[in-house]
Amino acid sequence: MRNSLNHFLLLILLLSTNCLSAQRIAEKRLKEMEKSLQETLLLHQDSDFETNGIKNPHTNESAVLLSHKTTFDFDTRRENKGLKALIAIQTLGTVNPLRQKDLLVLERERRKILLQDNFSVDKYSVLYFRLDEEEDLFDARVIKKNGNVHKVSLVDATKVGFYSEVPSDYLGYTDAPPSKRYQPIFYKVPIPDLEPGDVIEYEFQHLNSQNYIGGKFSEDDFNPVYYLCERDLPVLKQVIEISTVDDFYLGYRSLLGAPEFQERVEKGKHKYRWTDLTRPGISGVSYLNQLASMPSVKFQVVFAKKRAQDLLWFYNNGQANKSLSIHDFTIKGINYWNRIAQFNDNGQGFYYLNHPRGFTVQNKQMKKLGITELPDDEYIKTSYYFLRGRMIWKEWTDYEFSKGFSDFLSKRSIPHQIVITTNKKISSVKDVAFEEEIIWGVRVKDQFYFNPGRHLNPGEIPSYVEGNQCGLIHIEKSKAIDKVDSLLIPILDTAHNKYSVSMTVTPDIVNASLKVQKDVEVTGLSKQSLMDEIMDETPFAETDLRNFGGVGLWEGMTNSEQDKMSEEWEFQKKKWKDDKPQSMKTQTESSYGRPIIQYSSFKINQDGRNHKKPSLKYSETFEIGEMISTVGEDLVIDLPLLIEQQKQVKREERIRIHSIDAGYARTNSWKINCVIPAGYQFVETANLKQEVKNTAGSFSTSYLLNGNILTIQVSKQYTQGKLPVQFWNQMTSFLDAAYFFSISKIVMKKIK
């Protein structure tokens, strides 16, 4: 733990002092890339991109993806390359120099796109590319409609300010997800003089590290890749080619009619090829779980020398498209639970929980804190928080959490079951293939306990398992026994999942702005969706120590080290105090789509990390600009926009073929108290009294005038997380009502 904290704080300090580099690509880097391109030959001659003579049935579309090819070269390396994603994402600064391994993936993606109208010309007039590792490369060219080929120069490329600006087309499938601690460097380059009929062709190469320090059955398995057949553009041809070293093999599942891979061996390497032809462009992607609803192929490169191909979740390829029953799924879980212990001594999460010496240390710590003497109900909850306090500093897998929590319960002979299900956002039980798709939890005294991460409370159910089918594995003396049950994880309703906002608003006519005092209370799954961004840049780790016997911030350090770290911690808290309002200002501007003239304060009133006070409460004050206009002497105020920008259902989304996935049932409500400026009177409009209500959900507004205070009440409700496609028209009716209200106006008439 001591090393964990030192690395964690060091990481924070390094991040806080990081400065921006030049906005242009350095001349030396450009020359190095030009030399590498001569050796690597991106955009080289390839029969998969010979599109002459291929009939294009999509002449009415804005653009057509003529050919799309992604190649993956999977390899391993037992050394730390120091890739930024490694420290920043996987370990939060906790590094194990003895057993750390990088699994390296060289990914190339090439696209050839026919631009058929001015909209597509505008869209592709700027290209994006990553230059985050020295092996990253990019090359692009324009094939004019007269056949001339123009190479795209990167001399005028500039650094992208925010990662969120980068379209998904320029991200690799094996890229690490971005976070506040990992922001890969991207550039963008303008493409002048494009016109309809031109073809834009680009290819990028990314070298990515997938690092493991434990928590997996095999540390040699690469992360799964999920590949959707349909894209936002019609596709004439798409290809995946995979190359692996010896002792690795490809396991995959093709879903909903997607093609299968073809395998060959070439020069000692396994080669796999997947080809798909003629797919329409995606339309109506709102409220859609694409992996569950659309043709896709998911695959994983795994180490196979010392285990059978179908040992655990991974089917051999002969069974790739056979569904798995909940009974068989749970039986596999029992085998996994009882066999994985032999892989646990790796110096990290498993070491602390499963290794006899590590468990003894934890048990002594719990005894020292008085946890072991608590009554069963309190012991269960406090043990849960005890584990959560450790997860602040290292990210444990669901299995690691469940194993540790189960061991604590077994120590007290408290009956319980292990819960095994899947992450419903990426797979169902019947289609499960990979270890990474499995979600583990614990059920004790009819309550569910899932991996708390940094914020979850006892009994809170994550959105990604809510309503899932799950298997129950019975535990006796820390061992899973051959007794199998199943049930559905509870679904939370609109009464549990709430986002409630109360505002006091004062118009500033001179600045055409609104001064806002905003109080927010969030519960249930709505709280989970907001928790990370609200708690970020706050010292929430201290509350675990104060309330739940969590790990002391400076545990195990000498007095001089404690003094040093305490000083740094206080410095960091002061910095967060300054930085947090700026972060919230950015989020607020995004929510309302208007400039924030001044963001005055942000305060967490209740952090929602205590089962006795589970709701998250925070308040903020700010001034939002461009909210008032005048018509003659009257004021026109964009007061309805304070319910935030609402979803606009576009024309192309009106016709829908897929079922609806709104995530979870929830109620969003706003109470806006607006001070009417002196010398003006409120003018009633029809939009302030409306209600649209049906099976899919509802939207309603009402108002009350009390002296010079206008109170507007707004409610928007999703009654269910999932609905059949036939309810789409009902859903669009209340979505439309919310959108049109948000862009409507309130009139204050000058009193004469």
# chains A, B, ... in the order shown; residues from 1 in each chain; ligands from 1

call {"tool": "closest_atom_pairs", "arguments": {"of": "segment 614-672 of chain A", "to": "segment 512-535 of chain A", "cutoff": "12 Å", "atoms": "only C-alpha atoms", "output": "CSV"}}
result
residue,atom,partner,partner_atom,distance
A:Pro614,CA,A:Thr523,CA,7.1
A:Ser615,CA,A:Thr523,CA,4.9
A:Leu616,CA,A:Val522,CA,5.1
A:Lys617,CA,A:Glu521,CA,4.5
A:Tyr618,CA,A:Val520,CA,5.4
A:Ser619,CA,A:Asp519,CA,4.4
A:Glu620,CA,A:Lys518,CA,5.3
A:Thr621,CA,A:Gln517,CA,4.6
A:Phe622,CA,A:Val516,CA,5.4
A:Glu623,CA,A:Lys515,CA,4.4
A:Ile624,CA,A:Leu514,CA,5.4
A:Gly625,CA,A:Ser513,CA,4.3
A:Glu626,CA,A:Ala512,CA,5.7
A:Met627,CA,A:Ser513,CA,5.2
A:Ile628,CA,A:Ala512,CA,4.6
A:Ser629,CA,A:Ala512,CA,6.7
A:Thr630,CA,A:Ala512,CA,9.2
A:Leu635,CA,A:Ala512,CA,9.6
A:Val636,CA,A:Ala512,CA,10.0
A:Ile637,CA,A:Ala512,CA,8.8
A:Asp638,CA,A:Leu514,CA,9.3
A:Leu639,CA,A:Leu514,CA,8.6
A:Pro640,CA,A:Leu514,CA,11.9
A:Leu641,CA,A:Leu514,CA,11.2
A:Leu642,CA,A:Val516,CA,9.4
A:Ile643,CA,A:Lys518,CA,11.4
A:Gly663,CA,A:Leu525,CA,9.4
A:Tyr664,CA,A:Leu525,CA,7.5
A:Ala665,CA,A:Leu525,CA,8.8
A:Arg666,CA,A:Ser526,CA,7.2
A:Thr667,CA,A:Ser526,CA,8.8
A:Asn668,CA,A:Ser526,CA,9.0
A:Ser669,CA,A:Val520,CA,10.0
A:Trp670,CA,A:Val520,CA,9.3
A:Lys671,CA,A:Lys518,CA,9.8
A:Ile672,CA,A:Lys518,CA,9.2

call {"tool": "closest_atom_pairs", "arguments": {"of": "segment 436-488 of chain A", "to": "segment 602-610 of chain A", "cutoff": "9 Å", "atoms": "only C-alpha atoms", "output": "Markdown table"}}
result
| residue | atom | partner | partner_atom | distance |
| --- | --- | --- | --- | --- |
| A:Arg454 | CA | A:Arg609 | CA | 8.8 |
| A:His455 | CA | A:Arg609 | CA | 5.7 |
| A:Leu456 | CA | A:Arg609 | CA | 6.6 |
| A:Asn457 | CA | A:Arg609 | CA | 6.0 |
| A:Pro458 | CA | A:Asn610 | CA | 8.6 |

call {"tool": "residues_around", "arguments": {"residues": "Val432 of chain A", "least_positions_apart": "5", "cutoff": "12 Å", "atoms": "only C-alpha atoms", "output": "PyMOL selection string"}}
result
chain A and resi 224+251-255+292+298-299+312-315+320-326+328-330+332+420-427+437-439

call {"tool": "residues_around", "arguments": {"residues": "Ile473 of chain A", "least_positions_apart": "3", "cutoff": "9 Å", "atoms": "only C-alpha atoms", "output": "VMD selection string"}}
result
chain A and resid 330 to 331 333 to 334 416 to 420 480 to 486

call {"tool": "closest_residue", "arguments": {"among": "A:Glu134, A:Phe548, A:Val225, A:Thr494", "to": "Met366 of chain A", "atoms": "only C-alpha atoms"}}
result
A:Phe548

call {"tool": "residues_around", "arguments": {"residues": "segment 32-38 of chain A", "least_positions_apart": "3", "cutoff": "9 Å", "atoms": "only C-alpha atoms", "output": "list in words"}}
result
Glu27, Lys28, Arg29, Leu41, Leu42, Glu134, Glu135, Asp136, Leu137, Phe138 and Asp139 of chain A

call {"tool": "write_last_selection", "arguments": {"atoms": "N, CA, C and O atoms", "output": "compact mmCIF listing (two decimals), in the first residue's frame"}}
result
# COMPACT_ATOMS: atom_id res chain seq x y z
N GLU A 27 9.56 19.11 -36.81
CA GLU A 27 10.16 18.76 -38.10
C GLU A 27 10.89 17.42 -38.03
O GLU A 27 10.82 16.61 -38.96
N LYS A 28 11.59 17.17 -36.91
CA LYS A 28 12.30 15.91 -36.75
C LYS A 28 11.34 14.73 -36.79
O LYS A 28 11.61 13.69 -37.40
N ARG A 29 10.18 14.89 -36.12
CA ARG A 29 9.19 13.80 -36.10
C ARG A 29 8.62 13.57 -37.49
O ARG A 29 8.39 12.42 -37.89
N LEU A 41 5.35 1.30 -45.74
CA LEU A 41 4.50 1.36 -46.92
C LEU A 41 3.01 1.28 -46.58
O LEU A 41 2.31 0.34 -46.95
N LEU A 42 2.53 2.27 -45.85
CA LEU A 42 1.09 2.43 -45.74
C LEU A 42 0.54 2.81 -47.11
O LEU A 42 1.24 3.39 -47.94
N GLU A 134 6.09 6.27 -30.76
CA GLU A 134 7.01 6.50 -31.88
C GLU A 134 6.67 5.61 -33.08
O GLU A 134 7.01 5.94 -34.22
N GLU A 135 5.98 4.47 -32.83
CA GLU A 135 5.60 3.60 -33.94
C GLU A 135 4.31 4.04 -34.63
O GLU A 135 3.93 3.47 -35.64
N ASP A 136 3.60 5.03 -34.07
CA ASP A 136 2.37 5.52 -34.70
C ASP A 136 2.70 6.18 -36.03
O ASP A 136 3.63 7.00 -36.13
N LEU A 137 1.90 5.84 -37.05
CA LEU A 137 2.11 6.40 -38.39
C LEU A 137 0.76 6.77 -39.00
O LEU A 137 -0.28 6.24 -38.61
N PHE A 138 0.81 7.66 -40.01
CA PHE A 138 -0.40 8.05 -40.71
C PHE A 138 -0.03 8.46 -42.12
O PHE A 138 1.00 9.11 -42.35
N ASP A 139 -0.87 8.10 -43.08
CA ASP A 139 -0.66 8.50 -44.47
C ASP A 139 -2.04 8.67 -45.12
O ASP A 139 -2.99 7.94 -44.78

call {"tool": "residues_around", "arguments": {"residues": "Phe72 of chain A", "least_positions_apart": "6", "cutoff": "8 Å", "atoms": "only C-alpha atoms", "output": "count of residues only"}}
result
8

call {"tool": "residues_around", "arguments": {"residues": "Gly453 of chain A", "least_positions_apart": "2", "cutoff": "9 Å", "atoms": "only C-alpha atoms", "output": "VMD selection string"}}
result
chain A and resid 388 391 to 392 395 to 396 450 to 451 455 to 456

call {"tool": "write_last_selection", "arguments": {"atoms": "N, CA and C atoms", "output": "PDB file, in the first residue's frame"}}
result
ATOM      1  N   ARG A 388     -13.745  -1.555  -0.513  1.00  0.00           N
ATOM      2  CA  ARG A 388     -13.848  -0.367  -1.366  1.00  0.00           C
ATOM      3  C   ARG A 388     -12.712   0.612  -1.090  1.00  0.00           C
ATOM      4  N   MET A 391      -9.848  -0.326  -3.095  1.00  0.00           N
ATOM      5  CA  MET A 391     -10.022  -0.159  -4.534  1.00  0.00           C
ATOM      6  C   MET A 391      -9.842   1.275  -4.990  1.00  0.00           C
ATOM      7  N   ILE A 392      -9.799   2.197  -4.046  1.00  0.00           N
ATOM      8  CA  ILE A 392      -9.468   3.567  -4.412  1.00  0.00           C
ATOM      9  C   ILE A 392      -8.066   3.628  -5.003  1.00  0.00           C
ATOM     10  N   GLU A 395      -7.209  -1.002  -9.074  1.00  0.00           N
ATOM     11  CA  GLU A 395      -8.432  -1.460  -9.724  1.00  0.00           C
ATOM     12  C   GLU A 395      -8.469  -2.988  -9.710  1.00  0.00           C
ATOM     13  N   TRP A 396      -9.356  -3.547  -8.907  1.00  0.00           N
ATOM     14  CA  TRP A 396      -9.518  -4.989  -8.862  1.00  0.00           C
ATOM     15  C   TRP A 396     -10.611  -5.417  -9.832  1.00  0.00           C
ATOM     16  N   PHE A 450     -21.963  -5.963  -5.561  1.00  0.00           N
ATOM     17  CA  PHE A 450     -21.104  -6.008  -6.739  1.00  0.00           C
ATOM     18  C   PHE A 450     -19.854  -5.177  -6.497  1.00  0.00           C
ATOM     19  N   ASN A 451     -18.899  -5.364  -7.373  1.00  0.00           N
ATOM     20  CA  ASN A 451     -17.625  -4.646  -7.290  1.00  0.00           C
ATOM     21  C   ASN A 451     -17.886  -3.153  -7.029  1.00  0.00           C
ATOM     22  N   HIS A 455     -16.975   3.917  -5.557  1.00  0.00           N
ATOM     23  CA  HIS A 455     -18.127   4.668  -5.043  1.00  0.00           C
ATOM     24  C   HIS A 455     -19.350   3.837  -4.661  1.00  0.00           C
ATOM     25  N   LEU A 456     -19.489   2.618  -5.116  1.00  0.00           N
ATOM     26  CA  LEU A 456     -20.728   1.880  -4.920  1.00  0.00           C
ATOM     27  C   LEU A 456     -20.963   1.551  -3.443  1.00  0.00           C
TER      28      LEU A 456
END

call {"tool": "closest_residue", "arguments": {"among": "A:Val152, A:Ala157, A:Val64, A:Ile185", "to": "Asp132 of chain A", "atoms": "only C-alpha atoms"}}
result
A:Ile185

call {"tool": "atom_distance", "arguments": {"atom1": "atom CA of Leu256 of chain A", "atom2": "atom CA of Pro490 of chain A"}}
result
27.9 Å

call {"tool": "closest_residue", "arguments": {"among": "A:Phe699, A:Tyr599, A:Phe204, A:Tyr128", "to": "Pro581 of chain A", "atoms": "only C-alpha atoms"}}
result
A:Tyr599

call {"tool": "select_by_dssp", "arguments": {"residues": "segment 209-278 of chain A", "states": "strand (DSSP E or B)", "output": "ChimeraX atom specification"}}
result
/A:209-212,225-228,231,235-244,248-255,262-266,269-278

call {"tool": "atom_distance", "arguments": {"atom1": "atom CA of Val675 of chain A", "atom2": "atom CA of Lys585 of chain A"}}
result
23.2 Å

call {"tool": "atom_distance", "arguments": {"atom1": "atom CA of Ile200 of chain A", "atom2": "atom CA of Ile143 of chain A"}}
result
6.4 Å

call {"tool": "closest_residue", "arguments": {"among": "A:Asp431, A:Gln238, A:Glu555, A:Tyr272", "to": "Gln365 of chain A", "atoms": "only C-alpha atoms"}}
result
A:Glu555

call {"tool": "closest_residue", "arguments": {"among": "A:Asp247, A:Glu570, A:Asp544, A:Asp508", "to": "Gly389 of chain A", "atoms": "only C-alpha atoms"}}
result
A:Asp544

call {"tool": "select_by_dssp", "arguments": {"residues": "segment 99-147 of chain A", "states": "helix (DSSP H, G or I)", "output": "ChimeraX atom specification"}}
result
/A:118-123

call {"tool": "closest_residue", "arguments": {"among": "A:Gln717, A:Ser601, A:Thr51, A:Ser62", "to": "Ser500 of chain A", "atoms": "only C-alpha atoms"}}
result
A:Gln717
